[in-house]
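*Asks:* Take a look at run.cif, mmCIF, C-alpha atoms:
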```cif
data_target
#
loop_
_atom_site.label_atom_id
_atom_site.label_comp_id
_atom_site.auth_asym_id
_atom_site.auth_seq_id
_atom_site.Cartn_x
_atom_site.Cartn_y
_atom_site.Cartn_z
CA MET A 6 -55.85 19.18 12.33
CA SER A 7 -52.11 18.57 12.49
CA VAL A 8 -50.76 15.70 10.41
CA LEU A 9 -47.35 14.04 10.49
CA ALA A 10 -45.66 12.41 7.51
CA ARG A 11 -42.30 11.04 6.57
CA VAL A 12 -40.44 13.43 4.27
CA PRO A 13 -40.73 12.69 0.55
CA ALA A 14 -37.95 10.39 -0.69
CA PHE A 15 -37.32 9.22 2.88
CA ASP A 16 -35.99 5.88 1.64
CA ARG A 17 -33.54 7.60 -0.68
CA LEU A 18 -32.32 10.01 2.00
CA PHE A 19 -32.01 7.65 4.95
CA LEU A 20 -30.84 4.12 5.60
CA VAL A 21 -32.59 2.72 8.64
CA ARG A 22 -31.47 -0.50 10.29
CA VAL A 23 -33.58 -1.75 13.17
CA LEU A 24 -31.42 -3.45 15.78
CA ASP A 25 -33.41 -5.02 18.61
CA ASP A 26 -36.04 -2.38 19.44
CA GLU A 27 -33.84 0.59 18.56
CA ALA A 28 -32.44 1.65 15.20
CA VAL A 29 -29.43 3.31 13.65
CA VAL A 30 -29.97 5.70 10.78
CA PHE A 31 -27.49 6.83 8.16
CA ASP A 32 -28.24 10.21 6.63
CA GLN A 33 -27.00 9.83 3.06
CA THR A 34 -26.92 13.57 2.55
CA SER A 35 -24.85 14.61 5.55
CA GLY A 36 -23.07 11.32 6.29
CA ASP A 37 -24.23 11.55 9.90
CA THR A 38 -25.38 8.53 11.87
CA HIS A 39 -28.15 8.73 14.46
CA LEU A 40 -29.53 6.43 17.11
CA LEU A 41 -33.31 6.15 17.20
CA SER A 42 -35.11 5.10 20.35
CA ALA A 43 -37.83 2.46 20.33
CA PRO A 44 -40.65 5.10 20.32
CA ALA A 45 -38.99 6.85 17.38
CA VAL A 46 -38.74 3.57 15.47
CA SER A 47 -42.36 2.86 16.27
CA LEU A 48 -43.47 6.31 15.09
CA LEU A 49 -41.59 6.00 11.80
CA GLN A 50 -43.06 2.56 11.25
CA ARG A 51 -46.56 3.93 11.77
CA LEU A 52 -45.84 6.62 9.18
CA ASP A 53 -44.60 4.01 6.74
CA ASP A 54 -47.96 3.78 4.98
CA GLY A 55 -48.57 7.51 4.76
CA ALA A 56 -49.48 10.59 6.77
CA ARG A 57 -51.43 10.25 10.01
CA GLY A 58 -53.08 12.57 12.45
CA ARG A 59 -50.91 13.85 15.25
CA ALA A 60 -53.47 13.17 17.99
CA GLU A 61 -53.89 9.57 16.88
CA LEU A 62 -50.15 9.02 16.79
CA GLU A 63 -49.64 10.61 20.20
CA ALA A 64 -52.33 8.43 21.74
CA GLY A 65 -50.78 5.33 20.16
CA SER A 66 -47.26 6.21 21.31
CA LYS A 67 -48.10 5.77 25.00
CA LEU A 68 -45.41 8.35 25.79
CA PRO A 69 -45.79 10.69 28.78
CA PRO A 70 -47.14 14.17 27.99
CA GLY A 71 -44.49 16.35 26.40
CA GLU A 72 -42.24 13.50 25.30
CA PHE A 73 -44.18 12.90 22.10
CA GLU A 74 -43.74 16.59 21.23
CA SER A 75 -39.99 16.32 21.85
CA LEU A 76 -39.78 13.22 19.71
CA VAL A 77 -41.63 14.87 16.83
CA GLU A 78 -39.42 17.95 17.12
CA ARG A 79 -36.27 15.84 17.09
CA LEU A 80 -37.28 13.78 14.04
CA ALA A 81 -38.29 16.97 12.24
CA GLN A 82 -34.89 18.52 13.06
CA LEU A 83 -33.18 15.47 11.60
CA GLY A 84 -35.22 15.97 8.44
CA MET A 85 -37.03 12.65 8.71
CA ILE A 86 -40.61 13.83 9.18
CA GLU A 87 -42.64 16.90 8.41
CA VAL A 88 -45.58 18.44 10.19
CA CYS A 89 -48.47 19.56 8.01
CA GLY A 90 -51.46 21.68 9.01
CA SER A 91 -51.95 23.49 12.30
CA MET B 296 16.07 -16.00 12.36
CA PRO B 297 19.46 -15.55 14.04
CA VAL B 298 19.83 -12.19 15.71
CA GLU B 299 22.82 -11.13 13.61
CA GLN B 300 20.95 -11.92 10.39
CA CYS B 301 17.91 -9.98 11.61
CA ARG B 302 20.10 -7.06 12.61
CA ALA B 303 21.83 -7.05 9.23
CA MET B 304 18.52 -7.07 7.35
CA LEU B 305 17.17 -4.24 9.48
CA VAL B 306 20.17 -2.12 8.57
CA ALA B 307 19.84 -2.85 4.83
CA PRO B 308 17.86 -3.61 2.74
CA GLY B 309 15.23 -3.74 5.51
CA LEU B 310 13.25 -6.53 7.12
CA VAL B 311 10.00 -7.10 5.22
CA LEU B 312 7.26 -8.64 7.32
CA GLY B 313 3.73 -9.75 6.63
CA ILE B 314 1.63 -8.03 9.29
CA GLY B 315 -1.95 -9.12 8.82
CA PRO B 316 -3.14 -7.99 5.37
CA PHE B 317 -0.17 -5.62 5.04
CA THR B 318 3.50 -5.82 4.22
CA ALA B 319 5.92 -3.56 6.04
CA ARG B 320 9.58 -2.92 5.43
CA ILE B 321 11.32 -1.98 8.67
CA ARG B 322 14.76 -0.45 8.82
CA THR B 323 16.85 0.51 11.81
CA PRO B 324 20.51 0.66 12.73
CA ILE B 325 19.62 0.72 16.45
CA ARG B 326 20.92 -2.54 17.93
CA ALA B 327 18.57 -2.67 20.90
CA LEU B 328 15.58 -2.09 18.63
CA ALA B 329 16.71 -4.89 16.34
CA GLU B 330 16.49 -7.31 19.26
CA ASP B 331 13.03 -5.99 20.16
CA VAL B 332 11.81 -6.38 16.56
CA ARG B 333 13.12 -9.93 16.44
CA ALA B 334 11.31 -10.79 19.69
CA ILE B 335 8.04 -9.02 18.83
CA TYR B 336 7.78 -10.21 15.23
CA GLY B 337 9.41 -13.62 15.63
CA ALA B 338 6.14 -15.37 14.72
CA HIS B 339 5.57 -13.29 11.58
CA GLU B 340 6.43 -14.28 8.06
CA VAL B 341 9.60 -12.73 6.64
CA LEU B 342 9.08 -11.83 2.98
CA ARG B 343 12.56 -12.06 1.51
CA ASP B 344 11.64 -11.40 -2.11
CA ALA B 345 9.20 -8.54 -1.59
CA THR B 346 9.67 -5.55 -3.85
CA ALA B 347 6.65 -3.32 -3.24
CA VAL B 348 5.39 -2.96 0.34
CA ASP B 349 2.44 -1.21 1.97
CA PHE B 350 4.49 0.58 4.62
CA ASP B 351 8.15 1.52 4.40
CA VAL B 352 9.25 2.66 7.85
CA ALA B 353 12.52 3.37 9.59
CA VAL B 354 13.60 4.30 13.09
CA ARG B 355 16.95 6.06 13.17
CA PRO B 356 18.98 7.73 15.89
CA SER B 357 19.29 11.49 15.74
CA ARG B 358 22.59 12.81 14.52
CA GLY B 359 24.82 15.56 15.84
CA LEU B 360 24.57 16.59 19.47
CA ARG B 361 21.37 14.55 19.92
CA GLY B 362 23.34 11.46 19.04
CA TYR B 363 25.20 11.86 22.36
CA TRP B 364 23.30 14.17 24.67
CA ARG B 365 19.90 12.77 25.55
CA PRO B 366 19.94 10.67 22.37
CA GLN B 367 16.76 10.51 20.35
CA ALA B 368 15.01 8.19 17.93
CA ARG B 369 13.32 9.46 14.77
CA PHE B 370 10.49 7.69 12.96
CA PHE B 371 10.18 7.81 9.19
CA SER B 372 7.39 6.62 6.91
CA ASP B 373 8.14 6.64 3.19
CA GLY B 374 10.99 9.02 3.96
CA GLN B 375 8.69 11.50 5.71
CA GLU B 376 8.96 12.24 9.42
CA PRO B 377 5.39 12.59 10.75
CA PHE B 378 6.33 12.86 14.45
CA HIS B 379 8.77 14.70 16.65
CA PRO B 380 11.69 12.57 17.84
CA LEU B 381 11.41 10.65 21.11
CA PRO B 382 14.09 9.56 23.58
CA LEU B 383 16.14 6.69 22.15
CA ASP B 384 14.99 4.24 24.84
CA GLN B 385 11.45 4.64 23.46
CA ALA B 386 12.49 3.37 20.02
CA ALA B 387 10.47 0.12 20.24
CA PRO B 388 7.16 1.66 21.32
CA PHE B 389 7.83 4.46 18.82
CA LEU B 390 8.05 1.89 16.03
CA GLU B 391 4.81 0.26 17.18
CA TRP B 392 2.98 3.57 17.49
CA GLY B 393 4.36 4.58 14.09
CA LEU B 394 3.12 1.37 12.46
CA ASN B 395 -0.29 1.92 14.04
CA TRP B 396 -0.31 5.40 12.58
CA CYS B 397 0.59 4.03 9.13
CA ILE B 398 -2.35 1.64 9.27
CA ALA B 399 -4.80 4.22 10.61
CA ALA B 400 -3.69 6.88 8.12
CA HIS B 401 -3.58 4.74 5.01
CA ALA B 402 -5.68 1.57 5.26
CA HIS B 403 -8.90 3.14 4.05
CA ASP B 404 -10.02 0.10 2.11
CA LEU B 405 -10.70 -1.33 5.57
CA LEU B 406 -12.71 0.00 8.48
CA VAL B 407 -10.13 0.76 11.18
CA LEU B 408 -11.34 0.84 14.77
CA HIS B 409 -9.58 1.73 18.00
CA ALA B 410 -10.28 -1.61 19.62
CA ALA B 411 -8.64 -4.70 21.03
CA VAL B 412 -9.38 -7.86 19.06
CA LEU B 413 -8.95 -11.47 20.07
CA ALA B 414 -10.13 -14.57 18.27
CA ARG B 415 -10.92 -18.13 19.05
CA GLY B 416 -12.21 -20.84 16.72
CA GLY B 417 -12.70 -18.38 13.88
CA ARG B 418 -14.83 -16.03 16.00
CA ALA B 419 -13.63 -12.59 17.04
CA LEU B 420 -14.13 -10.62 20.22
CA LEU B 421 -14.01 -6.86 19.67
CA MET B 422 -13.37 -4.50 22.56
CA PRO B 423 -13.69 -0.91 21.34
CA ALA B 424 -12.69 1.64 23.94
CA PRO B 425 -10.60 4.77 24.39
CA SER B 426 -7.17 4.60 26.04
CA GLY B 427 -7.25 3.96 29.77
CA SER B 428 -10.25 1.63 29.64
CA GLY B 429 -8.23 -1.44 30.54
CA LYS B 430 -8.62 -3.13 27.18
CA SER B 431 -4.90 -3.86 26.74
CA THR B 432 -4.65 -5.47 30.17
CA LEU B 433 -7.70 -7.58 29.48
CA ALA B 434 -6.42 -8.47 26.02
CA ALA B 435 -3.05 -9.51 27.45
CA ALA B 436 -4.73 -11.76 30.00
CA LEU B 437 -7.09 -13.31 27.43
CA ALA B 438 -4.10 -13.96 25.16
CA HIS B 439 -2.83 -16.29 27.89
CA ALA B 440 -6.18 -18.06 28.20
CA GLY B 441 -6.45 -19.60 24.75
CA TRP B 442 -7.42 -16.51 22.77
CA ARG B 443 -5.29 -15.32 19.87
CA LEU B 444 -4.38 -11.67 20.24
CA TYR B 445 -4.99 -9.94 16.93
CA SER B 446 -4.23 -6.50 18.33
CA ASP B 447 -4.86 -4.51 21.49
CA GLU B 448 -5.17 -1.25 19.52
CA LEU B 449 -6.60 -1.75 16.06
CA ALA B 450 -9.49 -3.73 14.65
CA LEU B 451 -9.47 -4.08 10.87
CA ILE B 452 -12.86 -4.89 9.40
CA ASP B 453 -13.21 -5.77 5.75
CA PRO B 454 -16.39 -3.92 4.67
CA SER B 455 -17.00 -6.46 1.91
CA SER B 456 -16.87 -9.63 3.96
CA GLY B 457 -17.45 -8.24 7.45
CA ARG B 458 -14.50 -10.28 8.69
CA VAL B 459 -11.78 -9.04 11.01
CA PHE B 460 -8.12 -9.38 10.06
CA ALA B 461 -5.45 -10.68 12.41
CA LEU B 462 -2.48 -8.42 12.99
CA ASP B 463 -0.78 -10.46 15.74
CA ARG B 464 0.72 -7.35 17.26
CA ALA B 465 2.33 -6.93 20.65
CA ALA B 466 0.13 -5.62 23.45
CA ASN B 467 0.95 -2.08 24.56
CA LEU B 468 1.04 -2.29 28.35
CA LYS B 469 1.21 0.71 30.60
CA ASN B 470 2.17 1.21 34.25
CA ALA B 471 0.29 -1.19 36.60
CA ALA B 472 -0.58 -3.51 33.70
CA ILE B 473 3.12 -4.25 33.26
CA ASP B 474 3.45 -5.50 36.85
CA LEU B 475 0.25 -7.50 36.49
CA VAL B 476 1.53 -9.33 33.39
CA ARG B 477 4.96 -9.88 34.96
CA ARG B 478 3.37 -11.37 38.07
CA ARG B 479 0.85 -13.58 36.30
CA PHE B 480 2.82 -14.63 33.23
CA PRO B 481 6.50 -14.53 34.25
CA LYS B 482 7.61 -16.43 31.14
CA THR B 483 6.04 -13.96 28.73
CA PRO B 484 8.70 -11.66 27.30
CA LEU B 485 8.20 -7.93 27.68
CA ARG B 486 10.20 -5.80 25.29
CA GLY B 487 10.88 -2.15 24.67
CA ILE B 488 10.34 -1.15 28.28
CA ALA B 489 10.51 2.63 28.46
CA ARG B 490 9.98 4.91 31.44
CA ASN B 491 8.89 8.52 31.57
CA THR B 492 7.00 8.41 28.29
CA SER B 493 3.93 10.58 27.74
CA LYS B 494 1.93 7.51 28.86
CA GLY B 495 4.13 6.68 31.87
CA THR B 496 6.08 3.43 31.80
CA VAL B 497 5.27 1.35 28.75
CA ALA B 498 6.20 -2.17 27.63
CA LEU B 499 5.35 -4.39 24.69
CA MET B 500 4.06 -7.85 25.45
CA CYS B 501 5.07 -10.25 22.70
CA PRO B 502 2.09 -12.25 21.48
CA PRO B 503 2.36 -15.78 22.87
CA LEU B 504 2.87 -17.47 19.50
CA GLU B 505 5.40 -20.00 18.31
CA PRO B 506 8.11 -18.66 15.97
CA GLY B 507 6.87 -18.70 12.38
CA ALA B 508 3.26 -19.32 13.49
CA VAL B 509 1.90 -16.38 11.49
CA ALA B 510 2.30 -17.49 7.92
CA ASP B 511 -0.70 -15.79 6.37
CA ALA B 512 -3.38 -13.21 7.06
CA SER B 513 -5.96 -14.89 9.27
CA GLU B 514 -9.52 -13.66 9.58
CA ALA B 515 -12.39 -14.15 12.00
CA VAL B 516 -16.09 -13.36 12.10
CA PRO B 517 -17.15 -10.82 14.76
CA ALA B 518 -19.10 -12.76 17.37
CA TRP B 519 -18.86 -10.60 20.49
CA VAL B 520 -18.58 -6.89 21.17
CA ILE B 521 -17.58 -5.98 24.72
CA LEU B 522 -17.22 -2.36 25.83
CA PRO B 523 -14.72 -2.55 28.70
CA ARG B 524 -14.20 -0.04 31.47
CA TRP B 525 -11.74 -0.65 34.27
CA ILE B 526 -12.59 1.03 37.58
CA GLU B 527 -10.34 0.40 40.57
CA GLY B 528 -12.16 -1.67 43.18
CA ALA B 529 -15.33 -2.02 41.11
CA ALA B 530 -17.37 -5.20 41.18
CA THR B 531 -17.43 -7.01 37.87
CA ASP B 532 -20.53 -6.36 35.81
CA LEU B 533 -20.90 -7.82 32.31
CA LEU B 534 -24.30 -6.76 30.99
CA PRO B 535 -25.97 -7.22 27.61
CA ILE B 536 -26.60 -4.01 25.68
CA GLY B 537 -28.64 -3.28 22.60
CA ARG B 538 -26.96 -3.70 19.24
CA ALA B 539 -27.75 -0.12 18.30
CA GLN B 540 -25.86 1.14 21.36
CA ALA B 541 -22.95 -1.16 20.50
CA PHE B 542 -23.05 0.13 16.93
CA LEU B 543 -22.62 3.72 18.15
CA GLN B 544 -19.65 2.76 20.32
CA LEU B 545 -18.01 1.01 17.37
CA ALA B 546 -18.66 4.03 15.16
CA ASP B 547 -17.28 6.40 17.81
CA ASN B 548 -14.09 4.34 17.94
CA ALA B 549 -13.76 3.98 14.17
CA MET B 550 -10.95 6.13 12.81
CA ASN B 551 -12.18 6.27 9.23
CA TYR B 552 -15.94 5.71 9.56
CA SER B 553 -16.77 9.00 7.85
CA ILE B 554 -14.49 8.18 4.93
CA HIS B 555 -16.42 4.98 4.23
CA GLY B 556 -19.85 6.62 4.37
CA ARG B 557 -22.66 4.20 3.61
CA ARG B 558 -20.21 1.31 3.24
CA GLY B 559 -18.94 1.85 6.77
CA PHE B 560 -22.47 2.11 8.14
CA GLU B 561 -23.45 -1.16 6.54
CA ALA B 562 -20.24 -2.86 7.66
CA LEU B 563 -20.88 -1.93 11.28
CA CYS B 564 -24.54 -2.97 11.01
CA ARG B 565 -23.32 -6.33 9.85
CA THR B 566 -20.74 -6.46 12.68
CA VAL B 567 -23.32 -6.04 15.42
CA ALA B 568 -26.14 -7.92 13.71
CA ASP B 569 -24.60 -11.30 14.41
CA ALA B 570 -22.72 -10.37 17.59
CA ALA B 571 -23.63 -10.60 21.25
CA CYS B 572 -22.97 -7.16 22.74
CA PHE B 573 -22.08 -6.28 26.34
CA THR B 574 -20.70 -3.60 28.59
CA LEU B 575 -18.07 -4.69 31.08
CA ILE B 576 -17.13 -2.82 34.22
CA TYR B 577 -14.33 -4.52 36.09
CA GLY B 578 -11.84 -3.98 38.84
CA ASP B 579 -10.47 -7.50 39.02
CA ILE B 580 -8.94 -9.27 36.05
CA ASP B 581 -9.85 -12.80 37.21
CA GLU B 582 -13.48 -11.88 37.68
CA ALA B 583 -13.55 -10.20 34.28
CA MET B 584 -12.02 -13.24 32.58
CA ALA B 585 -14.49 -15.56 34.30
CA ALA B 586 -17.42 -13.38 33.23
CA ILE B 587 -16.19 -13.33 29.62
CA ALA B 588 -15.70 -17.10 29.66
CA ARG B 589 -19.28 -17.58 30.87
CA ARG B 590 -20.74 -15.29 28.23
CA THR B 591 -18.67 -16.51 25.29
CA GLY B 592 -18.50 -20.15 26.28
CA CYS B 593 -14.75 -19.99 25.65
#
```
As structure tokens, what does this structure read like?
*Replies:*
Amino acid sequence: MSVLARVPAFDRLFLVRVLDDEAVVFDQTSGDTHLLSAPAVSLLQRLDDGARGRAELEAGSKLPPGEFESLVERLAQLGMIEVCGS
Amino acid sequence: MPVEQCRAMLVAPGLVLGIGPFTARIRTPIRALAEDVRAIYGAHEVLRDATAVDFDVAVRPSRGLRGYWRPQARFFSDGQEPFHPLPLDQAAPFLEWGLNWCIAAHAHDLLVLHAAVLARGGRALLMPAPSGSGKSTLAAALAHAGWRLYSDELALIDPSSGRVFALDRAANLKNAAIDLVRRRFPKTPLRGIARNTSKGTVALMCPPLEPGAVADASEAVPAWVILPRWIEGAATDLLPIGRAQAFLQLADNAMNYSIHGRRGFEALCRTVADAACFTLIYGDIDEAMAAIARRTGC
């Protein structure tokens, strides 16, 4: 079963400021700033307490089919989450 | 200050002015520019005993053939010449653009944004936008409606306090905006009018302040962020936007955001956290002003 988790040392690598229902993120390694959509903020908040199953997270996201995959891919590209298992 | 005294100081040893949090020594032997400087900076404090200054600038006429044939003005900062010369009749806007460059290139203890800033009652309205968005026209109009024009080009945010510094600079008007200001505010002096510049016809609108009114560096707390966009014939639309979106626009228009790193990120978070943020599309200045008045309560 596939599991998603925030990367280790997430809080040291990223500064996240939630503004309304979106967020801005400062990558302390690259110096880049990113805008996170409300679903992305929600996903990161759900991963705050530890890893969770992908299927459970997708069901909870209420995103249309395919969009959850894109969101996961994007957050993984930014180095914020990692996908474990198959 | 009498014009002859101002002219003499500009020739030597230089006129030292307090411009917001900065001091600038300005030198020029160009008589017409001396009159423009006196008009534009008439409200600013003259620092007669200053020794060290932040910016030491000069605008001088070219020598040799260029002193007679299509005469040119040259801009110097600390003795260096960062730009190609411009036609002599562009000396006043050249000085203003040069001072803007000095601030943007050197003031890295502050977050410097390409934005118009106006203030009222200690609260600042920031309008970050690229050139051609109509922010100078809007800023010029608001400056005649009870707002204090800090600058139509540069916002200076102190990352430590989050406050915005007043510069009290002239508004840089271009083309149709010049006619609009002339028509609506016929008593407002326009200086340094130059045609056929790279931006078309340009003019500097002196901030409507009493002589000597700017005696110290004023500050204001960011209270509103408006992203303006002028579209000919468009209906006015002032809509709230999310603070995260406003943050990105501020960051995109910040000239030294990457230099500040985490400090800049936190400063902009603070800027939008307590501000009401909007986009503004407008095609009519009166409608835009009315919409801003409704939203700001000013």
*Asks:* Please return, as a PDB file with C-alpha atoms, in the frame of the given file, all residues of chain B lying within 7 Å of chain A when all atoms listed in the file are considered.
*Replies:*
```
ATOM      1  CA  GLY B 537     -28.640  -3.280  22.600  1.00  0.00           C
ATOM      2  CA  ARG B 538     -26.960  -3.700  19.240  1.00  0.00           C
ATOM      3  CA  ALA B 539     -27.750  -0.120  18.300  1.00  0.00           C
ATOM      4  CA  SER B 553     -16.770   9.000   7.850  1.00  0.00           C
ATOM      5  CA  GLY B 556     -19.850   6.620   4.370  1.00  0.00           C
ATOM      6  CA  PHE B 560     -22.470   2.110   8.140  1.00  0.00           C
TER       7      PHE B 560
END
```
*Asks:* With only C-alpha atoms as the basis for distance, which of A:Leu9, A:Met85, A:Ala45, A:Val21 is at the shortest distance from Arg57 (chain A)?
*Replies:* A:Leu9
*Asks:* Name all residues at most 6 Å from region 317-330 of chain B (count only C-alpha atoms; drop same-chain ones fewer than 4 positions away) and give them as a compact mmCIF listing (two decimals) with C-alpha atoms, in the frame of the given file.
*Replies:*
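around.txt written:
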```txt
# COMPACT_ATOMS: atom_id res chain seq x y z
CA ARG B 302 20.10 -7.06 12.61
CA LEU B 305 17.17 -4.24 9.48
CA VAL B 306 20.17 -2.12 8.57
CA GLY B 309 15.23 -3.74 5.51
CA LEU B 310 13.25 -6.53 7.12
CA VAL B 311 10.00 -7.10 5.22
CA LEU B 312 7.26 -8.64 7.32
CA GLY B 313 3.73 -9.75 6.63
CA VAL B 348 5.39 -2.96 0.34
CA ASP B 349 2.44 -1.21 1.97
CA PHE B 350 4.49 0.58 4.62
CA ASP B 351 8.15 1.52 4.40
CA VAL B 352 9.25 2.66 7.85
CA ALA B 353 12.52 3.37 9.59
CA VAL B 354 13.60 4.30 13.09
CA ARG B 355 16.95 6.06 13.17
CA ALA B 387 10.47 0.12 20.24
```
*Asks:* Name the residues within 10 Å of (-24.5, -10.0, 16.9), counting only C-alpha atoms in the file's coordinates, and put them as an mmCIF file with C-alpha atoms, in the frame of the given file.
*Replies:*
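Writing done, so here's selection_4.cif:
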```
data_model
loop_
_atom_site.group_PDB
_atom_site.id
_atom_site.type_symbol
_atom_site.label_atom_id
_atom_site.label_comp_id
_atom_site.auth_asym_id
_atom_site.auth_seq_id
_atom_site.Cartn_x
_atom_site.Cartn_y
_atom_site.Cartn_z
ATOM 1 C CA LEU A 24 -31.420 -3.450 15.780
ATOM 2 C CA PRO B 517 -17.150 -10.820 14.760
ATOM 3 C CA ALA B 518 -19.100 -12.760 17.370
ATOM 4 C CA TRP B 519 -18.860 -10.600 20.490
ATOM 5 C CA VAL B 520 -18.580 -6.890 21.170
ATOM 6 C CA GLY B 537 -28.640 -3.280 22.600
ATOM 7 C CA ARG B 538 -26.960 -3.700 19.240
ATOM 8 C CA ALA B 541 -22.950 -1.160 20.500
ATOM 9 C CA CYS B 564 -24.540 -2.970 11.010
ATOM 10 C CA ARG B 565 -23.320 -6.330 9.850
ATOM 11 C CA THR B 566 -20.740 -6.460 12.680
ATOM 12 C CA VAL B 567 -23.320 -6.040 15.420
ATOM 13 C CA ALA B 568 -26.140 -7.920 13.710
ATOM 14 C CA ASP B 569 -24.600 -11.300 14.410
ATOM 15 C CA ALA B 570 -22.720 -10.370 17.590
ATOM 16 C CA ALA B 571 -23.630 -10.600 21.250
ATOM 17 C CA CYS B 572 -22.970 -7.160 22.740
#
```
*Asks:* Which is closest to Leu68 (chain A) among A:Gly90, A:Arg11, A:Asp16, A:Ser47, if we use only C-alpha atoms?
*Replies:* A:Ser47
*Asks:* As a PDB file, in the coordinates of the input, could you write out region 16-22 of chain A once it has been completed with all heavy atoms?
*Replies:*
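This went into out.pdb:
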```pdb
ATOM      1  N   ASP A  16     -36.809   7.089   1.846  1.00  0.00           N
ATOM      2  CA  ASP A  16     -35.990   5.880   1.640  1.00  0.00           C
ATOM      3  C   ASP A  16     -34.727   6.156   0.836  1.00  0.00           C
ATOM      4  O   ASP A  16     -33.775   5.383   0.901  1.00  0.00           O
ATOM      5  CB  ASP A  16     -36.817   4.790   0.953  1.00  0.00           C
ATOM      6  CG  ASP A  16     -37.923   4.274   1.877  1.00  0.00           C
ATOM      7  OD1 ASP A  16     -37.712   4.294   3.105  1.00  0.00           O
ATOM      8  OD2 ASP A  16     -38.985   3.879   1.369  1.00  0.00           O
ATOM      9  N   ARG A  17     -34.746   7.243   0.075  1.00  0.00           N
ATOM     10  CA  ARG A  17     -33.540   7.600  -0.680  1.00  0.00           C
ATOM     11  C   ARG A  17     -32.577   8.408   0.191  1.00  0.00           C
ATOM     12  O   ARG A  17     -31.364   8.344   0.030  1.00  0.00           O
ATOM     13  CB  ARG A  17     -33.949   8.418  -1.923  1.00  0.00           C
ATOM     14  CG  ARG A  17     -32.826   8.662  -2.895  1.00  0.00           C
ATOM     15  CD  ARG A  17     -33.362   9.172  -4.232  1.00  0.00           C
ATOM     16  NE  ARG A  17     -34.309  10.280  -4.109  1.00  0.00           N
ATOM     17  CZ  ARG A  17     -33.951  11.551  -3.898  1.00  0.00           C
ATOM     18  NH1 ARG A  17     -32.668  11.860  -3.779  1.00  0.00           N
ATOM     19  NH2 ARG A  17     -34.855  12.500  -3.816  1.00  0.00           N
ATOM     20  N   LEU A  18     -33.137   9.142   1.141  1.00  0.00           N
ATOM     21  CA  LEU A  18     -32.320  10.010   2.000  1.00  0.00           C
ATOM     22  C   LEU A  18     -31.716   9.276   3.189  1.00  0.00           C
ATOM     23  O   LEU A  18     -30.631   9.616   3.655  1.00  0.00           O
ATOM     24  CB  LEU A  18     -33.162  11.180   2.507  1.00  0.00           C
ATOM     25  CG  LEU A  18     -33.678  12.154   1.456  1.00  0.00           C
ATOM     26  CD1 LEU A  18     -34.686  13.126   2.081  1.00  0.00           C
ATOM     27  CD2 LEU A  18     -32.520  12.923   0.839  1.00  0.00           C
ATOM     28  N   PHE A  19     -32.441   8.289   3.699  1.00  0.00           N
ATOM     29  CA  PHE A  19     -32.010   7.650   4.950  1.00  0.00           C
ATOM     30  C   PHE A  19     -31.943   6.125   4.815  1.00  0.00           C
ATOM     31  O   PHE A  19     -32.818   5.512   4.198  1.00  0.00           O
ATOM     32  CB  PHE A  19     -32.982   7.991   6.086  1.00  0.00           C
ATOM     33  CG  PHE A  19     -33.069   9.450   6.380  1.00  0.00           C
ATOM     34  CD1 PHE A  19     -34.134  10.207   5.904  1.00  0.00           C
ATOM     35  CD2 PHE A  19     -32.078  10.089   7.117  1.00  0.00           C
ATOM     36  CE1 PHE A  19     -34.215  11.564   6.167  1.00  0.00           C
ATOM     37  CE2 PHE A  19     -32.149  11.447   7.386  1.00  0.00           C
ATOM     38  CZ  PHE A  19     -33.219  12.188   6.911  1.00  0.00           C
ATOM     39  N   LEU A  20     -30.910   5.577   5.441  1.00  0.00           N
ATOM     40  CA  LEU A  20     -30.840   4.120   5.600  1.00  0.00           C
ATOM     41  C   LEU A  20     -31.169   3.821   7.048  1.00  0.00           C
ATOM     42  O   LEU A  20     -30.509   4.344   7.954  1.00  0.00           O
ATOM     43  CB  LEU A  20     -29.428   3.607   5.314  1.00  0.00           C
ATOM     44  CG  LEU A  20     -28.903   3.689   3.900  1.00  0.00           C
ATOM     45  CD1 LEU A  20     -27.453   3.220   3.861  1.00  0.00           C
ATOM     46  CD2 LEU A  20     -29.751   2.813   2.993  1.00  0.00           C
ATOM     47  N   VAL A  21     -32.183   3.044   7.276  1.00  0.00           N
ATOM     48  CA  VAL A  21     -32.590   2.720   8.640  1.00  0.00           C
ATOM     49  C   VAL A  21     -32.372   1.227   8.870  1.00  0.00           C
ATOM     50  O   VAL A  21     -32.808   0.396   8.069  1.00  0.00           O
ATOM     51  CB  VAL A  21     -34.088   3.051   8.875  1.00  0.00           C
ATOM     52  CG1 VAL A  21     -34.479   2.733  10.318  1.00  0.00           C
ATOM     53  CG2 VAL A  21     -34.361   4.514   8.561  1.00  0.00           C
ATOM     54  N   ARG A  22     -31.656   0.905   9.918  1.00  0.00           N
ATOM     55  CA  ARG A  22     -31.470  -0.500  10.290  1.00  0.00           C
ATOM     56  C   ARG A  22     -31.974  -0.688  11.715  1.00  0.00           C
ATOM     57  O   ARG A  22     -31.437  -0.100  12.654  1.00  0.00           O
ATOM     58  CB  ARG A  22     -29.994  -0.885  10.216  1.00  0.00           C
ATOM     59  CG  ARG A  22     -29.393  -0.787   8.829  1.00  0.00           C
ATOM     60  CD  ARG A  22     -29.874  -1.899   7.910  1.00  0.00           C
ATOM     61  NE  ARG A  22     -29.292  -1.801   6.578  1.00  0.00           N
ATOM     62  CZ  ARG A  22     -29.821  -1.139   5.553  1.00  0.00           C
ATOM     63  NH1 ARG A  22     -30.984  -0.527   5.686  1.00  0.00           N
ATOM     64  NH2 ARG A  22     -29.212  -1.100   4.381  1.00  0.00           N
TER      65      ARG A  22
END
```
